[in-house]
Each structure stands twice: as C-alpha cells, then as structure tokens.
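Below is one structure; the comments refer to it alone.
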Amino acid sequence: MNQLLKNIILCLIGGILFHYLFYGKWIGISYPLFIIYVYIVIFTGTRASQNGRSIFNYILLICIFMLSATFALYTNEVLLVLNFLLIPVLFIIHTVHLKRWEFKDWHNRLFITAIMITLSDAIVRFFHHFSFGSKWAKGKMTEKSYNIFKKIMIGLLISIPLLWTVLYLLMSSDDKFKQLLIDIPSLFANLNIGSFIFQFLIIFIVFSSLLAYITILNKKLQLQVKEEKEEKIGLDSIIMGTILILINAIYCIYVSVQFQYFFSGDPSIASAKYTYAEYARKGFSELTVITIINLGILMIATHFLKPLKSFANILLNVLQTLLVLFTNIMLVSAYMRLSLYEAAYGFTYSRIFAHSFMILLFLLLLLVLVKIWIKKIKYIQLSLIITLLAYVGLNYLNIDKIIIEKNLERYEATKKIDYYYISTLSEDAVPYLIEFDKEDINRELLERKAYLKETSAHWQSFNISQQRAKELLEKWGR
C-alpha cells in the first residue's frame, strides 16, 4: 500500500476515534487510549529515526503516558487541567526530537528553532487541506466554468447572513410563514443537520491535523547551522566577578543578621510584628524573587562567561558556589515558614504545591552547583528532565490523601479543621472523608453520592478514582 494512502487511512481512523472517544463524554480512560493511538500513527506513518533510542526520548515517552494515565486514575482537577495543557507540549517536544532532530549534541536555540519550524510548517500544511476541494474542482473544470463555480460559492457565503436576517424579519411579520418554517424540521424527524455538520468538522479537523503533522515529520529538517566556537562569548569575567562579590556580600550580611528571624518558630521575634499569614507569605515572596534573580545570575555565569586561567576560574566557581549556598539557606527558611503556616491554618492544594516547588528549586540549585564545576553537562536538558519527573511524581502522590492525613493530624493536636475546604476535595479523598464521619462532611458526601449516580455511564469516561468513590458511597449506607 502507498505510504500516503496508508497515512490518510490512519489519520481518518484517528479523527473518527477522537469523535467516538470524546464527543459528548467526560474525559477518562479515553485520553490515554487516544494518546496510544496517536503514537501508533506516529511510529507507523513516519520514517525511522537514528535518534529513537535516546534516553531523553524514552523519558519523555514514559512521562507522556504516565500523565495521560492520570485521567483514568485520579480526579484532582488542578493537576488534570495542567496535564491537559502540558501533554500536547511534551508531545511536540518528543516527536520533534524523535523524528526531526538529527544532531548528536544538544543545542538549545537550534532545538527551539526546530520546534517553531515544525509547528509553522504543520499549520500551513493543515490549511492546505481546506483548499483541496477548490483544487479538485479546478482540475475537473474549464477555466471559465471554474470561475463561475467560484463566484457561485462566494455568493452563497455572502447570502448566509443576508438570508438569516431576511428570514428573521419575515417570520416576525407573519405568524403563518413562521409556523411553516418551524414545521419544516419535523419532516426530517430526528435528523439534526447542525449537529451532524459540527461532528463532521471535528473529525475533519483532527484528521487534517494528524495528517499535516506526520507529513511534516516525514520531511527532513533544514537548518542552517553555523559552526559555533567552543569559546564562551558574552560577559567579561571581571564584570561578573564584581557582581558576584557584591551580591554575596549582601547575602552574607543579610543571612547573618536575620539568621534567628529566618529559622525561628515565632514571627514575633522579628523586628517587624507579623501575623503567621504575613510571615509565611512574605517568606515565600522572598524565596520567589531571590531564587529567580539568583538562578538568572548563575545561568548567565555558567553559560556566557569567557574561559579563564585556572586561578581566576576557580575563584569565580567559588563565588557562584557561595551564591548557591546563600540561596539554599533562604530556601530552607521559606520552607520552614510555610510549614509553620500549615501547622497554624491547615494544608491545602496551594500550600502542598508551594512545598513541591521549593523542593524542585532545591534540586535545580544542586544541578547548577554541578554545572559550576563540570561545564560539559547540559543544564537546560537536565533541568527539563528533573522538572518533568518531579511533576509526574507529584501527580502520583495523591495530594488529596496527603491533605486529609495532615489535616487529621493537625485536628488531633489542635481540634481545628476547615470542614468546608476538606469537603471540596476531589473523589480521591472520598475513602478518607468517609472514615472522618463528621456531620458537615457527611452532608457533602451525600450530595456527591447523588452526583456520582447521575454521571455518564459511557465507558470512555471511566475513571478508577471516581468508580471507587461511587462504590464506597453506595456501601456507606447513608
């Protein structure tokens, strides 16, 4: 079978499958199933790649499948929305690196260029499919007939809003004419033309998108690569050394003066009188701003400094290491303050995410430290992998369970708990909410039980967490 015809059939099946899995249904097990089929199309419809066995590609592929599986495993809306947005981005990065990236070494700017070229070419190719009917008609007609046909089509398009306006006015002026038009759809019984056209467009758009994308992936990427010198270009070492000395001196004074303030368990010892909320919030804002500034400085220093003689190079490395050390001290401070805030006010999604973000920043700072002393490592690529693995791990932690357990521990110690927030957690928390057995939460569980009974019975929407919650609530006996 001709490869083009094979790809057309595969992509058409993809469009029909998309309609069958998603149209009029909640996303569930349908998402990982569709991702699997899309990769079948990619692997069978595109040329083989020399870059296929790259560890980077394996990591991306595993992460994409694990993130897509969360739609069938969990019901945490925050993470599912993020996954819904992130998976297409990871898919594009993975497929471009897998099929079009033919360089042995990693080049950040070149890879971003490769992605941009691939996307722009695919979009152009996608819109070419819409002109297929016009090209077919032009090939079958004489020039004169084709011009007439084109003008008729333009007239029809212009007539649509005009006819709609005229019909609306005529229906408003005469009730018999209005009733006549209302009775016309009954002649077609259950045939819903508008819905049929919309569904056909969905299938055609998915089909065209898949076909355009694999067509571009099959084409060799044309990049004008200039030979890059190994020598670093950019900032002068004396300028960067001066910046590092000054900023490290400020951090040294700041940390030494504020050391007790940073690591105390009570904000009242600080020079300013903060509430717990202000204390933790101020600490996290310090962390965010300082980390962004420091990571920016370290990125510039590790990527754009000119090579130096051994002593000067060691001195700059020491200064960068000190900057990492001071940043980590403030990172630990903010982490402890957020823990204090959670002990006082309870655990929520945002606070768990903040803790996770701090741990990720700590790992990225450790990676910067390695980059300072071992220049050959690819920081951008490794930081992407670390961030991605950390995010996938966060998806599989079952955050709702952590929030329930931590808040119950706090309840045992303080007899305080935010019943309203606890009751708004996803179905992942239902097994633990049932055990809690409090009136306010039981009321919400009864409402959730009624809601789950009315949810779609389509197998495409199947979700393990939701099904488990449904079964537990039915056995609950309330």
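Every chain in the structure tokens has a letter given in the order shown (A, B, ...), and although residue numbers restart at 1 in each chain, ligands are simply numbered from 1 in the order shown.
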With only C-alpha atoms as the counted atoms, please give the residues lying no more than 8 Å from stretch 466-468 of chain A, apart from itself and same-chain residues fewer than 4 positions off, as a PDB file with all heavy atoms, in the first residue's frame.
```
ATOM      1  N   TYR A  74      -7.020   9.415  38.562  1.00  0.00           N
ATOM      2  CA  TYR A  74      -7.264  10.413  39.609  1.00  0.00           C
ATOM      3  C   TYR A  74      -8.305  11.429  39.144  1.00  0.00           C
ATOM      4  O   TYR A  74      -8.654  11.495  37.957  1.00  0.00           O
ATOM      5  CB  TYR A  74      -5.967  11.129  39.981  1.00  0.00           C
ATOM      6  CG  TYR A  74      -4.883  10.199  40.472  1.00  0.00           C
ATOM      7  CD1 TYR A  74      -3.772   9.922  39.684  1.00  0.00           C
ATOM      8  CD2 TYR A  74      -4.962   9.599  41.719  1.00  0.00           C
ATOM      9  CE1 TYR A  74      -2.772   9.052  40.117  1.00  0.00           C
ATOM     10  CE2 TYR A  74      -3.981   8.734  42.169  1.00  0.00           C
ATOM     11  CZ  TYR A  74      -2.887   8.470  41.364  1.00  0.00           C
ATOM     12  OH  TYR A  74      -1.910   7.615  41.801  1.00  0.00           O
ATOM     13  N   THR A  75      -8.762  12.260  40.094  1.00  0.00           N
ATOM     14  CA  THR A  75      -9.770  13.279  39.769  1.00  0.00           C
ATOM     15  C   THR A  75      -9.390  14.664  40.285  1.00  0.00           C
ATOM     16  O   THR A  75     -10.251  15.529  40.416  1.00  0.00           O
ATOM     17  CB  THR A  75     -11.144  12.873  40.370  1.00  0.00           C
ATOM     18  OG1 THR A  75     -10.972  12.580  41.766  1.00  0.00           O
ATOM     19  CG2 THR A  75     -11.717  11.671  39.662  1.00  0.00           C
ATOM     20  N   GLU A 427     -12.670  13.321  44.297  1.00  0.00           N
ATOM     21  CA  GLU A 427     -13.069  11.954  44.649  1.00  0.00           C
ATOM     22  C   GLU A 427     -11.909  11.136  45.201  1.00  0.00           C
ATOM     23  O   GLU A 427     -12.126  10.104  45.854  1.00  0.00           O
ATOM     24  CB  GLU A 427     -13.664  11.246  43.426  1.00  0.00           C
ATOM     25  CG  GLU A 427     -15.122  11.558  43.149  1.00  0.00           C
ATOM     26  CD  GLU A 427     -15.299  12.924  42.513  1.00  0.00           C
ATOM     27  OE1 GLU A 427     -14.320  13.435  41.930  1.00  0.00           O
ATOM     28  OE2 GLU A 427     -16.414  13.482  42.603  1.00  0.00           O
ATOM     29  N   ASP A 428     -10.682  11.552  44.957  1.00  0.00           N
ATOM     30  CA  ASP A 428      -9.520  10.851  45.509  1.00  0.00           C
ATOM     31  C   ASP A 428      -9.562  10.830  47.039  1.00  0.00           C
ATOM     32  O   ASP A 428      -8.969   9.952  47.676  1.00  0.00           O
ATOM     33  CB  ASP A 428      -8.215  11.535  45.066  1.00  0.00           C
ATOM     34  CG  ASP A 428      -8.030  11.500  43.557  1.00  0.00           C
ATOM     35  OD1 ASP A 428      -8.667  10.638  42.921  1.00  0.00           O
ATOM     36  OD2 ASP A 428      -7.265  12.312  43.022  1.00  0.00           O
ATOM     37  N   LEU A 452     -22.627  11.427  41.672  1.00  0.00           N
ATOM     38  CA  LEU A 452     -21.949  10.309  41.015  1.00  0.00           C
ATOM     39  C   LEU A 452     -22.942   9.324  40.408  1.00  0.00           C
ATOM     40  O   LEU A 452     -22.641   8.657  39.412  1.00  0.00           O
ATOM     41  CB  LEU A 452     -21.035   9.595  42.009  1.00  0.00           C
ATOM     42  CG  LEU A 452     -19.772  10.358  42.427  1.00  0.00           C
ATOM     43  CD1 LEU A 452     -19.019   9.616  43.516  1.00  0.00           C
ATOM     44  CD2 LEU A 452     -18.858  10.603  41.229  1.00  0.00           C
ATOM     45  N   PHE A 462     -14.643   6.345  31.939  1.00  0.00           N
ATOM     46  CA  PHE A 462     -14.307   5.568  33.129  1.00  0.00           C
ATOM     47  C   PHE A 462     -13.079   6.129  33.834  1.00  0.00           C
ATOM     48  O   PHE A 462     -12.064   6.434  33.206  1.00  0.00           O
ATOM     49  CB  PHE A 462     -14.049   4.103  32.755  1.00  0.00           C
ATOM     50  CG  PHE A 462     -13.624   3.252  33.920  1.00  0.00           C
ATOM     51  CD1 PHE A 462     -14.563   2.807  34.844  1.00  0.00           C
ATOM     52  CD2 PHE A 462     -12.288   2.918  34.113  1.00  0.00           C
ATOM     53  CE1 PHE A 462     -14.182   2.028  35.923  1.00  0.00           C
ATOM     54  CE2 PHE A 462     -11.894   2.143  35.188  1.00  0.00           C
ATOM     55  CZ  PHE A 462     -12.840   1.686  36.094  1.00  0.00           C
ATOM     56  N   LEU A 472     -17.809   3.019  47.210  1.00  0.00           N
ATOM     57  CA  LEU A 472     -17.705   3.226  48.653  1.00  0.00           C
ATOM     58  C   LEU A 472     -18.904   3.987  49.195  1.00  0.00           C
ATOM     59  O   LEU A 472     -19.420   3.676  50.279  1.00  0.00           O
ATOM     60  CB  LEU A 472     -16.406   3.973  48.986  1.00  0.00           C
ATOM     61  CG  LEU A 472     -15.109   3.167  48.859  1.00  0.00           C
ATOM     62  CD1 LEU A 472     -13.896   4.077  49.034  1.00  0.00           C
ATOM     63  CD2 LEU A 472     -15.080   2.037  49.889  1.00  0.00           C
TER      64      LEU A 472
END
```
Problem set entry | Shell of 8 Å around A:Val324, only C-alpha atoms, local chain residues under 5 positions omitted, as a PyMOL selection string | chain A and resi 294+365-366+368-369
Exercise. Between atom CA of A:Leu86 and atom CA of A:Ser383, what is the spacing in Å?
Worked result: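 Those two atoms sit 16.3 Å apart.
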Problem set entry | Who sits within 9 Å of A:Lys416, only C-alpha atoms, same chain under 5 positions skipped, as a list of chain:residue names |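 Skipping anything fewer than 5 positions along the chain leaves A:Tyr345, A:Gly346, A:Asn407, A:Arg410, A:Tyr411.
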Problem set entry | Surrounding residues of A:Met66 excluding itself and chain neighbours under 4 positions, 8 Å, only C-alpha atoms, as number ranges by chain | A: 62, 70, 392
For this session: Have a look at A:His303, A:Ala413, A:Tyr20, A:Ile380 and name the one nearest to A:Ala343; count only C-alpha atoms.
Result: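 Closest residue, counting only C-alpha atoms: A:Ala413.
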Problem set entry | Å distance separating atom CA of A:Lys371 from atom CA of A:Leu315, one decimal place |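 Computing it gives 15.1 Å between the two atoms.
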